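Enquirer: TSV, C-alpha atoms, file protein-v5.tsv:
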chain	number	residue	atom	x	y	z
A	23	MET	CA	0.00	0.00	0.00
A	24	LYS	CA	2.70	2.45	1.02
A	25	GLY	CA	4.70	1.66	-2.13
A	26	MET	CA	1.69	2.49	-4.31
A	27	LEU	CA	1.22	5.83	-2.53
A	28	ASN	CA	4.91	6.63	-2.96
A	29	GLU	CA	4.66	5.99	-6.72
A	30	ALA	CA	1.55	8.18	-6.93
A	31	LYS	CA	3.35	10.96	-5.04
A	32	LYS	CA	6.29	10.79	-7.46
A	33	LYS	CA	3.96	11.12	-10.45
A	34	ALA	CA	2.07	13.99	-8.85
A	35	ASP	CA	5.31	15.79	-7.98
A	36	LYS	CA	6.53	15.52	-11.59
A	37	LEU	CA	3.30	17.18	-12.72
A	38	ASP	CA	3.42	19.70	-9.86
A	39	LEU	CA	-0.04	18.67	-8.63
A	40	PRO	CA	-1.03	19.88	-5.13
A	41	ILE	CA	-2.53	16.66	-3.76
A	42	GLU	CA	-3.02	15.80	-0.10
A	43	TRP	CA	-2.29	12.08	0.26
A	44	ILE	CA	-4.11	10.16	3.01
A	45	GLN	CA	-3.47	6.51	3.81
A	46	GLN	CA	-6.46	4.77	5.42
A	47	ASP	CA	-8.34	1.51	5.29
A	48	CYS	CA	-11.03	2.37	2.73
A	49	THR	CA	-13.51	-0.01	4.39
A	50	LYS	CA	-13.40	2.36	7.40
A	51	LEU	CA	-12.76	5.78	5.87
A	52	GLU	CA	-12.86	8.73	8.24
A	53	LEU	CA	-12.36	11.87	6.16
A	54	ASN	CA	-13.38	15.35	7.26
A	55	PHE	CA	-15.41	16.11	4.16
A	56	ARG	CA	-18.15	14.99	1.82
A	57	THR	CA	-18.08	15.17	-1.95
A	58	ASP	CA	-20.36	14.99	-4.99
A	59	PHE	CA	-18.14	12.49	-6.80
A	60	ALA	CA	-16.05	9.43	-5.90
A	61	TYR	CA	-14.42	6.82	-8.09
A	62	SER	CA	-12.37	3.66	-7.91
A	63	VAL	CA	-10.62	2.28	-11.00
A	64	GLY	CA	-8.25	-0.54	-11.91
A	65	ASN	CA	-10.78	-3.22	-10.96
A	66	SER	CA	-9.80	-2.61	-7.34
A	67	PHE	CA	-13.23	-3.79	-6.13
A	68	GLN	CA	-12.02	-7.35	-6.79
A	69	HIS	CA	-9.46	-7.06	-3.99
A	70	PHE	CA	-12.27	-7.01	-1.41
A	71	LEU	CA	-12.48	-10.76	-0.97
A	72	LYS	CA	-15.04	-10.98	1.86
A	73	ASN	CA	-18.63	-9.75	2.04
A	74	GLU	CA	-17.71	-7.65	5.08
A	75	ASP	CA	-14.95	-5.89	3.13
A	76	GLN	CA	-17.24	-5.12	0.18
A	77	ASP	CA	-19.90	-3.83	2.59
A	78	GLY	CA	-17.34	-1.71	4.43
A	79	LEU	CA	-16.12	-0.09	1.22
A	80	LEU	CA	-19.61	0.74	-0.06
A	81	SER	CA	-20.69	2.10	3.34
A	82	SER	CA	-17.55	4.26	3.54
A	83	VAL	CA	-18.14	5.70	0.07
A	84	ASN	CA	-21.80	6.36	0.87
A	85	ARG	CA	-20.92	8.22	4.11
A	86	HIS	CA	-18.58	10.54	2.21
A	87	LEU	CA	-20.99	11.40	-0.62
A	88	PHE	CA	-23.63	14.10	-0.58
A	89	GLN	CA	-27.17	13.02	-1.46
A	90	ASN	CA	-27.32	12.35	-5.24
A	91	GLY	CA	-23.50	12.14	-5.31
A	92	ILE	CA	-22.03	9.94	-8.04
A	93	PHE	CA	-19.84	6.88	-7.46
A	94	ILE	CA	-18.10	5.26	-10.45
A	95	PHE	CA	-16.09	2.04	-10.24
A	96	ASN	CA	-15.19	-0.95	-12.34
A	97	THR	CA	-14.69	-4.66	-11.81
A	98	ARG	CA	-14.09	-7.55	-14.19
A	99	PHE	CA	-17.13	-9.27	-15.66
A	100	PRO	CA	-17.36	-12.92	-14.54
A	101	SER	CA	-17.68	-14.42	-18.02
A	102	ALA	CA	-17.06	-18.12	-18.63
A	103	GLU	CA	-13.87	-17.22	-20.51
A	104	GLU	CA	-12.63	-15.20	-17.55
A	105	LEU	CA	-13.46	-17.79	-14.89
A	106	LEU	CA	-12.60	-21.00	-16.72
A	107	GLN	CA	-8.99	-20.27	-17.52
A	108	PRO	CA	-6.59	-23.23	-17.62
A	109	GLU	CA	-5.08	-24.51	-14.39
A	110	THR	CA	-1.85	-25.23	-16.28
A	111	GLU	CA	0.73	-22.63	-17.24
A	112	GLU	CA	-0.52	-20.64	-20.27
A	113	PHE	CA	1.54	-18.12	-22.24
A	114	TRP	CA	-0.01	-14.65	-22.10
A	115	TYR	CA	2.26	-12.07	-23.76
A	116	THR	CA	5.85	-10.80	-24.15
A	117	TYR	CA	7.31	-7.38	-23.39
A	118	ILE	CA	10.75	-5.77	-23.11
A	119	ASP	CA	11.80	-4.85	-19.57
A	120	SER	CA	12.67	-1.12	-19.59
A	121	GLU	CA	15.48	-1.46	-17.03
A	122	THR	CA	17.29	-4.61	-18.20
A	123	GLN	CA	16.17	-4.65	-21.85
A	124	TYR	CA	15.51	-8.37	-21.39
A	125	LYS	CA	12.63	-9.97	-23.22
A	126	VAL	CA	10.03	-11.07	-20.66
A	127	ASP	CA	7.60	-13.89	-21.40
A	128	VAL	CA	4.54	-13.69	-19.17
A	129	SER	CA	2.38	-16.71	-18.46
A	130	THR	CA	-0.41	-17.40	-15.99
A	131	ILE	CA	-1.96	-20.22	-14.02
A	132	ALA	CA	-5.53	-19.77	-12.76
A	133	LYS	CA	-7.78	-21.72	-10.43
A	134	TYR	CA	-11.39	-20.72	-9.77
A	135	ASP	CA	-13.14	-21.46	-6.47
A	136	ALA	CA	-16.84	-21.24	-7.44
A	137	LEU	CA	-18.11	-21.57	-3.85
A	138	ASN	CA	-16.31	-18.40	-2.77
A	139	GLN	CA	-16.24	-16.69	-6.20
A	140	LEU	CA	-12.47	-16.36	-5.94
A	141	GLN	CA	-9.95	-16.68	-8.75
A	142	TYR	CA	-6.40	-17.57	-7.70
A	143	TYR	CA	-3.83	-16.32	-10.21
A	144	THR	CA	-0.13	-17.02	-10.47
A	145	THR	CA	1.72	-14.80	-12.93
A	146	ILE	CA	5.12	-16.04	-14.07
A	147	ARG	CA	7.64	-13.69	-15.70
A	148	LYS	CA	10.61	-15.32	-17.45
A	149	TYR	CA	13.40	-12.83	-18.21
A	150	LYS	CA	15.43	-13.86	-21.26
A	151	ASP	CA	18.75	-12.49	-22.47
A	152	GLU	CA	19.74	-11.81	-26.08
A	153	THR	CA	20.43	-15.53	-26.62
A	154	ASN	CA	16.91	-16.38	-25.37
A	155	HIS	CA	18.18	-18.08	-22.20
A	156	ILE	CA	16.17	-17.58	-19.01
A	157	VAL	CA	18.25	-15.43	-16.64
A	158	ASN	CA	15.55	-14.82	-14.03
A	159	GLU	CA	12.08	-16.07	-13.23
A	160	VAL	CA	9.63	-14.28	-10.94
A	161	SER	CA	6.23	-15.58	-9.81
A	162	THR	CA	3.56	-13.49	-8.13
A	163	ASN	CA	0.22	-14.54	-6.71
A	164	ILE	CA	-3.04	-12.64	-6.51
A	165	THR	CA	-6.56	-13.53	-5.49
A	166	LEU	CA	-9.55	-11.74	-7.03
A	167	ARG	CA	-13.24	-11.92	-6.18
A	168	TYR	CA	-15.84	-11.89	-8.93
A	169	VAL	CA	-19.32	-10.45	-8.50
A	170	TYR	CA	-22.20	-10.98	-10.91
A	171	PRO	CA	-24.16	-7.96	-12.23
A	172	LYS	CA	-27.45	-8.66	-10.44
A	173	GLU	CA	-25.61	-9.48	-7.22
A	174	MET	CA	-23.78	-6.14	-7.49
A	175	GLU	CA	-27.01	-4.23	-8.15
A	176	ARG	CA	-28.57	-5.71	-4.99
A	177	MET	CA	-25.45	-4.97	-2.96
A	178	LEU	CA	-25.36	-1.37	-4.17
A	179	ALA	CA	-29.07	-0.90	-3.39
A	180	ASN	CA	-28.47	-2.21	0.16
A	181	HIS	CA	-25.81	0.47	0.56
A	182	GLY	CA	-27.99	3.34	-0.63
A	183	PHE	CA	-26.98	3.46	-4.30
A	184	GLU	CA	-29.08	3.46	-7.44
A	185	VAL	CA	-27.35	2.05	-10.52
A	186	ILE	CA	-27.65	4.61	-13.30
A	187	GLN	CA	-25.87	2.51	-15.93
A	188	ILE	CA	-23.44	-0.37	-16.39
A	189	TYR	CA	-20.93	-0.03	-19.20
A	190	GLU	CA	-18.37	-2.49	-20.51
A	191	ASP	CA	-15.70	0.19	-20.97
A	192	TRP	CA	-14.91	3.87	-20.44
A	193	GLN	CA	-16.33	4.73	-23.89
A	194	GLU	CA	-19.84	4.09	-22.48
A	195	ASN	CA	-20.58	0.96	-24.52
A	196	LEU	CA	-23.30	-0.98	-22.74
A	197	ILE	CA	-22.44	-4.25	-21.06
A	198	THR	CA	-23.09	-7.54	-22.91
A	199	ASN	CA	-22.61	-11.24	-22.18
A	200	ASP	CA	-19.22	-10.98	-23.91
A	201	SER	CA	-17.95	-8.03	-21.88
A	202	TYR	CA	-14.65	-8.12	-20.05
A	203	SER	CA	-15.43	-5.37	-17.55
A	204	MET	CA	-18.39	-3.85	-15.70
A	205	ASN	CA	-18.15	-0.09	-15.16
A	206	PHE	CA	-20.85	0.97	-12.71
A	207	VAL	CA	-22.20	4.52	-12.57
A	208	CYS	CA	-24.19	4.89	-9.33
A	209	LYS	CA	-26.01	7.63	-7.47
A	210	LYS	CA	-26.39	7.91	-3.70
A	211	VAL	CA	-30.13	7.91	-3.00
A	212	SER	CA	-30.20	7.01	0.71
A	213	GLU	CA	-28.11	5.96	3.68
A	214	PRO	CA	-27.03	2.29	3.72
A	215	CYS	CA	-29.38	-0.34	5.18
A	216	LYS	CA	-28.28	-1.56	8.60
Please lay out the structure from this file as structure tokens.
Expert:
Amino acid sequence: MKGMLNEAKKKADKLDLPIEWIQQDCTKLELNFRTDFAYSVGNSFQHFLKNEDQDGLLSSVNRHLFQNGIFIFNTRFPSAEELLQPETEEFWYTYIDSETQYKVDVSTIAKYDALNQLQYYTTIRKYKDETNHIVNEVSTNITLRYVYPKEMERMLANHGFEVIQIYEDWQENLITNDSYSMNFVCKKVSEPCK
């Protein structure tokens, strides 16, 4: 968390942006203001793996919005293609590492736990030199929670939000069964249900 904030500060400093950075648990936000607009991008909603964490986030956002305030966020769409990825190592893509100039082959392994709606990902990066020999290999693990559209609509309603629209991208194309992402545009209409 702190590393991410440090990177954001560096970017803001380069652009000379006067931003006040606050590090808090967003499931228990305690800010001294309300706003008309809040957003969360990068599919960060998927990092809230438990019901209590999702509830905490939505309640926190609601508390910090004025009535009719807008909340926009995105999360990956739980399509069959997304959830039923192979449990064996699958090549994904290649890029050139900017620091080492090594070619990096990226592959993934995925396992879906349907009972808990959790996808366990292992990402493997194989760094290759100019002779195509592996000089380093790094594996990282991440767990993501998937939420279905109707489930999300009910959850948002329970936390005082009305869904205005669900898009599949930031160009405002409407969601379909083949979408990769769900971008929710919501309005605060009441306080959360207890």
Enquirer: Which one is closest to Gln107 of chain A: A:Leu71, A:Glu121, A:Thr144, A:Val83? Count only C-alpha atoms.
Expert: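 Between A:Leu71, A:Glu121, A:Thr144, A:Val83, the residue approaching Gln107 of chain A most closely is A:Thr144.
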Enquirer: Fewer than 5 positions away in the same chain doesn't count, so skip those; otherwise give me all residues within 12 Å of Pro171 of chain A, counting all atoms listed in the file, as a ChimeraX atom specification.
Expert: /A:96-101,176-178,185,187-190,197-199,201,203-206
Enquirer: Mind checking which residues fall within 12 Å of Glu42 of chain A, counting all atoms listed in the file, ignoring those fewer than 5 positions away in the same chain, and posting them as an MDAnalysis selection string?
Expert: chainID A and resid 27 30:31 34:35 53
Enquirer: To test the calculation: enclose all listed atoms of segment 158-167 of chain A in a box whose edges run along x, y and z, add 4 Å on each side, then state centre and edge lengths in Å to one decimal, as AutoDock Vina command-line options.
Expert:
--center_x 1.2 --center_y -13.9 --center_z -9.8 --size_x 36.8 --size_y 12.3 --size_z 16.5
Enquirer: Counting all atoms listed in the file, which residues of segment 57-124 of chain A sit at most 8 Å from some atom of segment 155-167 of chain A, and what is each one's closest atom pair with its distance in Å to one decimal, listed by chain and rising residue number, as a Markdown table?
Expert:
| residue | atom | partner | partner_atom | distance |
| --- | --- | --- | --- | --- |
| A:Gln68 | CA | A:Arg167 | CA | 4.8 |
| A:His69 | CA | A:Leu166 | CA | 5.6 |
| A:Phe70 | CA | A:Arg167 | CA | 6.9 |
| A:Leu71 | CA | A:Arg167 | CA | 5.4 |
Enquirer: Just the residues within 8 Å of Tyr134 of chain A, please, counting all atoms listed in the file, with nothing from its chain fewer than 6 positions along; format it as a PyMOL selection string.
Expert: chain A and resi 105-106+140-142
Enquirer: One decimal, in Å: what's the spacing between atom CA of Tyr124 of chain A and atom CA of Glu29 of chain A?
Expert: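 Between these atoms lies a distance of 23.2 Å.
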Enquirer: Nearest to His86 of chain A among A:Gln45, A:Lys210, A:Asp191, A:Thr130, with distances taken over all atoms listed in the file: which residue is it?
Expert: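 Among A:Gln45, A:Lys210, A:Asp191, A:Thr130, it is A:Lys210 that comes nearest to His86 of chain A.
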Enquirer: Limit the output to all heavy atoms and give segment 128-143 of chain A as an mmCIF file, in the first residue's frame.
Expert:
data_model
loop_
_atom_site.group_PDB
_atom_site.id
_atom_site.type_symbol
_atom_site.label_atom_id
_atom_site.label_comp_id
_atom_site.auth_asym_id
_atom_site.auth_seq_id
_atom_site.Cartn_x
_atom_site.Cartn_y
_atom_site.Cartn_z
ATOM 1 N N VAL A 128 5.473 -13.650 -20.297
ATOM 2 C CA VAL A 128 4.544 -13.686 -19.170
ATOM 3 C C VAL A 128 3.544 -14.811 -19.403
ATOM 4 O O VAL A 128 2.945 -14.912 -20.480
ATOM 5 C CB VAL A 128 3.788 -12.342 -19.021
ATOM 6 C CG1 VAL A 128 2.845 -12.382 -17.833
ATOM 7 C CG2 VAL A 128 4.774 -11.188 -18.899
ATOM 8 N N SER A 129 3.381 -15.642 -18.391
ATOM 9 C CA SER A 129 2.375 -16.707 -18.457
ATOM 10 C C SER A 129 1.592 -16.708 -17.156
ATOM 11 O O SER A 129 2.006 -16.094 -16.161
ATOM 12 C CB SER A 129 3.025 -18.068 -18.716
ATOM 13 O OG SER A 129 3.984 -18.337 -17.722
ATOM 14 N N THR A 130 0.451 -17.369 -17.173
ATOM 15 C CA THR A 130 -0.408 -17.400 -15.989
ATOM 16 C C THR A 130 -0.915 -18.810 -15.719
ATOM 17 O O THR A 130 -0.981 -19.652 -16.613
ATOM 18 C CB THR A 130 -1.643 -16.479 -16.155
ATOM 19 O OG1 THR A 130 -2.381 -16.913 -17.292
ATOM 20 C CG2 THR A 130 -1.238 -15.034 -16.305
ATOM 21 N N ILE A 131 -1.258 -19.021 -14.468
ATOM 22 C CA ILE A 131 -1.963 -20.223 -14.022
ATOM 23 C C ILE A 131 -3.145 -19.705 -13.218
ATOM 24 O O ILE A 131 -2.993 -18.805 -12.384
ATOM 25 C CB ILE A 131 -1.069 -21.109 -13.137
ATOM 26 C CG1 ILE A 131 0.184 -21.538 -13.897
ATOM 27 C CG2 ILE A 131 -1.853 -22.319 -12.633
ATOM 28 C CD1 ILE A 131 1.231 -22.224 -13.023
ATOM 29 N N ALA A 132 -4.336 -20.246 -13.462
ATOM 30 C CA ALA A 132 -5.528 -19.767 -12.757
ATOM 31 C C ALA A 132 -6.313 -20.945 -12.190
ATOM 32 O O ALA A 132 -6.362 -22.022 -12.787
ATOM 33 C CB ALA A 132 -6.413 -18.970 -13.702
ATOM 34 N N LYS A 133 -6.903 -20.713 -11.036
ATOM 35 C CA LYS A 133 -7.779 -21.719 -10.431
ATOM 36 C C LYS A 133 -8.972 -20.985 -9.842
ATOM 37 O O LYS A 133 -8.799 -20.062 -9.045
ATOM 38 C CB LYS A 133 -7.040 -22.497 -9.356
ATOM 39 C CG LYS A 133 -7.880 -23.599 -8.706
ATOM 40 C CD LYS A 133 -7.027 -24.468 -7.823
ATOM 41 C CE LYS A 133 -7.799 -25.507 -7.064
ATOM 42 N NZ LYS A 133 -8.888 -26.167 -7.688
ATOM 43 N N TYR A 134 -10.175 -21.396 -10.238
ATOM 44 C CA TYR A 134 -11.386 -20.717 -9.774
ATOM 45 C C TYR A 134 -12.078 -21.531 -8.693
ATOM 46 O O TYR A 134 -12.331 -22.723 -8.854
ATOM 47 C CB TYR A 134 -12.347 -20.484 -10.944
ATOM 48 C CG TYR A 134 -13.588 -19.713 -10.550
ATOM 49 C CD1 TYR A 134 -13.482 -18.446 -9.991
ATOM 50 C CD2 TYR A 134 -14.859 -20.253 -10.729
ATOM 51 C CE1 TYR A 134 -14.612 -17.721 -9.626
ATOM 52 C CE2 TYR A 134 -15.994 -19.532 -10.370
ATOM 53 C CZ TYR A 134 -15.856 -18.270 -9.816
ATOM 54 O OH TYR A 134 -16.966 -17.563 -9.445
ATOM 55 N N ASP A 135 -12.389 -20.878 -7.579
ATOM 56 C CA ASP A 135 -13.138 -21.461 -6.472
ATOM 57 C C ASP A 135 -14.563 -20.910 -6.570
ATOM 58 O O ASP A 135 -14.842 -19.798 -6.137
ATOM 59 C CB ASP A 135 -12.472 -21.057 -5.152
ATOM 60 C CG ASP A 135 -13.270 -21.450 -3.916
ATOM 61 O OD1 ASP A 135 -14.390 -21.998 -4.043
ATOM 62 O OD2 ASP A 135 -12.778 -21.180 -2.803
ATOM 63 N N ALA A 136 -15.471 -21.700 -7.177
ATOM 64 C CA ALA A 136 -16.837 -21.240 -7.437
ATOM 65 C C ALA A 136 -17.625 -20.984 -6.157
ATOM 66 O O ALA A 136 -18.472 -20.090 -6.114
ATOM 67 C CB ALA A 136 -17.569 -22.250 -8.313
ATOM 68 N N LEU A 137 -17.358 -21.753 -5.098
ATOM 69 C CA LEU A 137 -18.105 -21.567 -3.847
ATOM 70 C C LEU A 137 -17.865 -20.193 -3.241
ATOM 71 O O LEU A 137 -18.769 -19.598 -2.662
ATOM 72 C CB LEU A 137 -17.727 -22.654 -2.836
ATOM 73 C CG LEU A 137 -18.214 -24.061 -3.157
ATOM 74 C CD1 LEU A 137 -17.694 -25.048 -2.125
ATOM 75 C CD2 LEU A 137 -19.734 -24.107 -3.212
ATOM 76 N N ASN A 138 -16.644 -19.696 -3.364
ATOM 77 C CA ASN A 138 -16.306 -18.405 -2.773
ATOM 78 C C ASN A 138 -16.147 -17.296 -3.808
ATOM 79 O O ASN A 138 -15.832 -16.167 -3.448
ATOM 80 C CB ASN A 138 -15.012 -18.544 -1.957
ATOM 81 C CG ASN A 138 -15.228 -19.442 -0.759
ATOM 82 O OD1 ASN A 138 -16.039 -19.135 0.107
ATOM 83 N ND2 ASN A 138 -14.528 -20.561 -0.730
ATOM 84 N N GLN A 139 -16.360 -17.633 -5.087
ATOM 85 C CA GLN A 139 -16.241 -16.688 -6.200
ATOM 86 C C GLN A 139 -14.855 -16.046 -6.248
ATOM 87 O O GLN A 139 -14.707 -14.864 -6.525
ATOM 88 C CB GLN A 139 -17.334 -15.618 -6.121
ATOM 89 C CG GLN A 139 -18.728 -16.170 -6.320
ATOM 90 C CD GLN A 139 -19.819 -15.139 -6.100
ATOM 91 O OE1 GLN A 139 -20.732 -15.364 -5.334
ATOM 92 N NE2 GLN A 139 -19.720 -14.006 -6.766
ATOM 93 N N LEU A 140 -13.840 -16.848 -5.963
ATOM 94 C CA LEU A 140 -12.465 -16.359 -5.936
ATOM 95 C C LEU A 140 -11.649 -17.011 -7.040
ATOM 96 O O LEU A 140 -11.711 -18.220 -7.248
ATOM 97 C CB LEU A 140 -11.804 -16.673 -4.590
ATOM 98 C CG LEU A 140 -12.402 -16.008 -3.353
ATOM 99 C CD1 LEU A 140 -11.700 -16.498 -2.098
ATOM 100 C CD2 LEU A 140 -12.332 -14.494 -3.458
ATOM 101 N N GLN A 141 -10.875 -16.195 -7.720
ATOM 102 C CA GLN A 141 -9.946 -16.677 -8.747
ATOM 103 C C GLN A 141 -8.530 -16.495 -8.203
ATOM 104 O O GLN A 141 -8.145 -15.397 -7.811
ATOM 105 C CB GLN A 141 -10.128 -15.876 -10.040
ATOM 106 C CG GLN A 141 -9.249 -16.303 -11.185
ATOM 107 C CD GLN A 141 -9.845 -17.444 -11.976
ATOM 108 O OE1 GLN A 141 -10.012 -18.532 -11.451
ATOM 109 N NE2 GLN A 141 -10.174 -17.198 -13.226
ATOM 110 N N TYR A 142 -7.779 -17.597 -8.154
ATOM 111 C CA TYR A 142 -6.396 -17.565 -7.699
ATOM 112 C C TYR A 142 -5.494 -17.541 -8.928
ATOM 113 O O TYR A 142 -5.533 -18.456 -9.741
ATOM 114 C CB TYR A 142 -6.086 -18.795 -6.837
ATOM 115 C CG TYR A 142 -6.949 -18.879 -5.608
ATOM 116 C CD1 TYR A 142 -8.115 -19.640 -5.606
ATOM 117 C CD2 TYR A 142 -6.616 -18.179 -4.454
ATOM 118 C CE1 TYR A 142 -8.924 -19.714 -4.482
ATOM 119 C CE2 TYR A 142 -7.421 -18.246 -3.320
ATOM 120 C CZ TYR A 142 -8.566 -19.016 -3.344
ATOM 121 O OH TYR A 142 -9.362 -19.080 -2.224
ATOM 122 N N TYR A 143 -4.714 -16.488 -9.057
ATOM 123 C CA TYR A 143 -3.831 -16.321 -10.213
ATOM 124 C C TYR A 143 -2.369 -16.400 -9.776
ATOM 125 O O TYR A 143 -1.984 -15.798 -8.767
ATOM 126 C CB TYR A 143 -4.007 -14.929 -10.850
ATOM 127 C CG TYR A 143 -5.256 -14.752 -11.652
ATOM 128 C CD1 TYR A 143 -6.344 -14.075 -11.113
ATOM 129 C CD2 TYR A 143 -5.344 -15.214 -12.962
ATOM 130 C CE1 TYR A 143 -7.496 -13.876 -11.851
ATOM 131 C CE2 TYR A 143 -6.496 -15.020 -13.710
ATOM 132 C CZ TYR A 143 -7.559 -14.358 -13.147
ATOM 133 O OH TYR A 143 -8.702 -14.162 -13.878
#
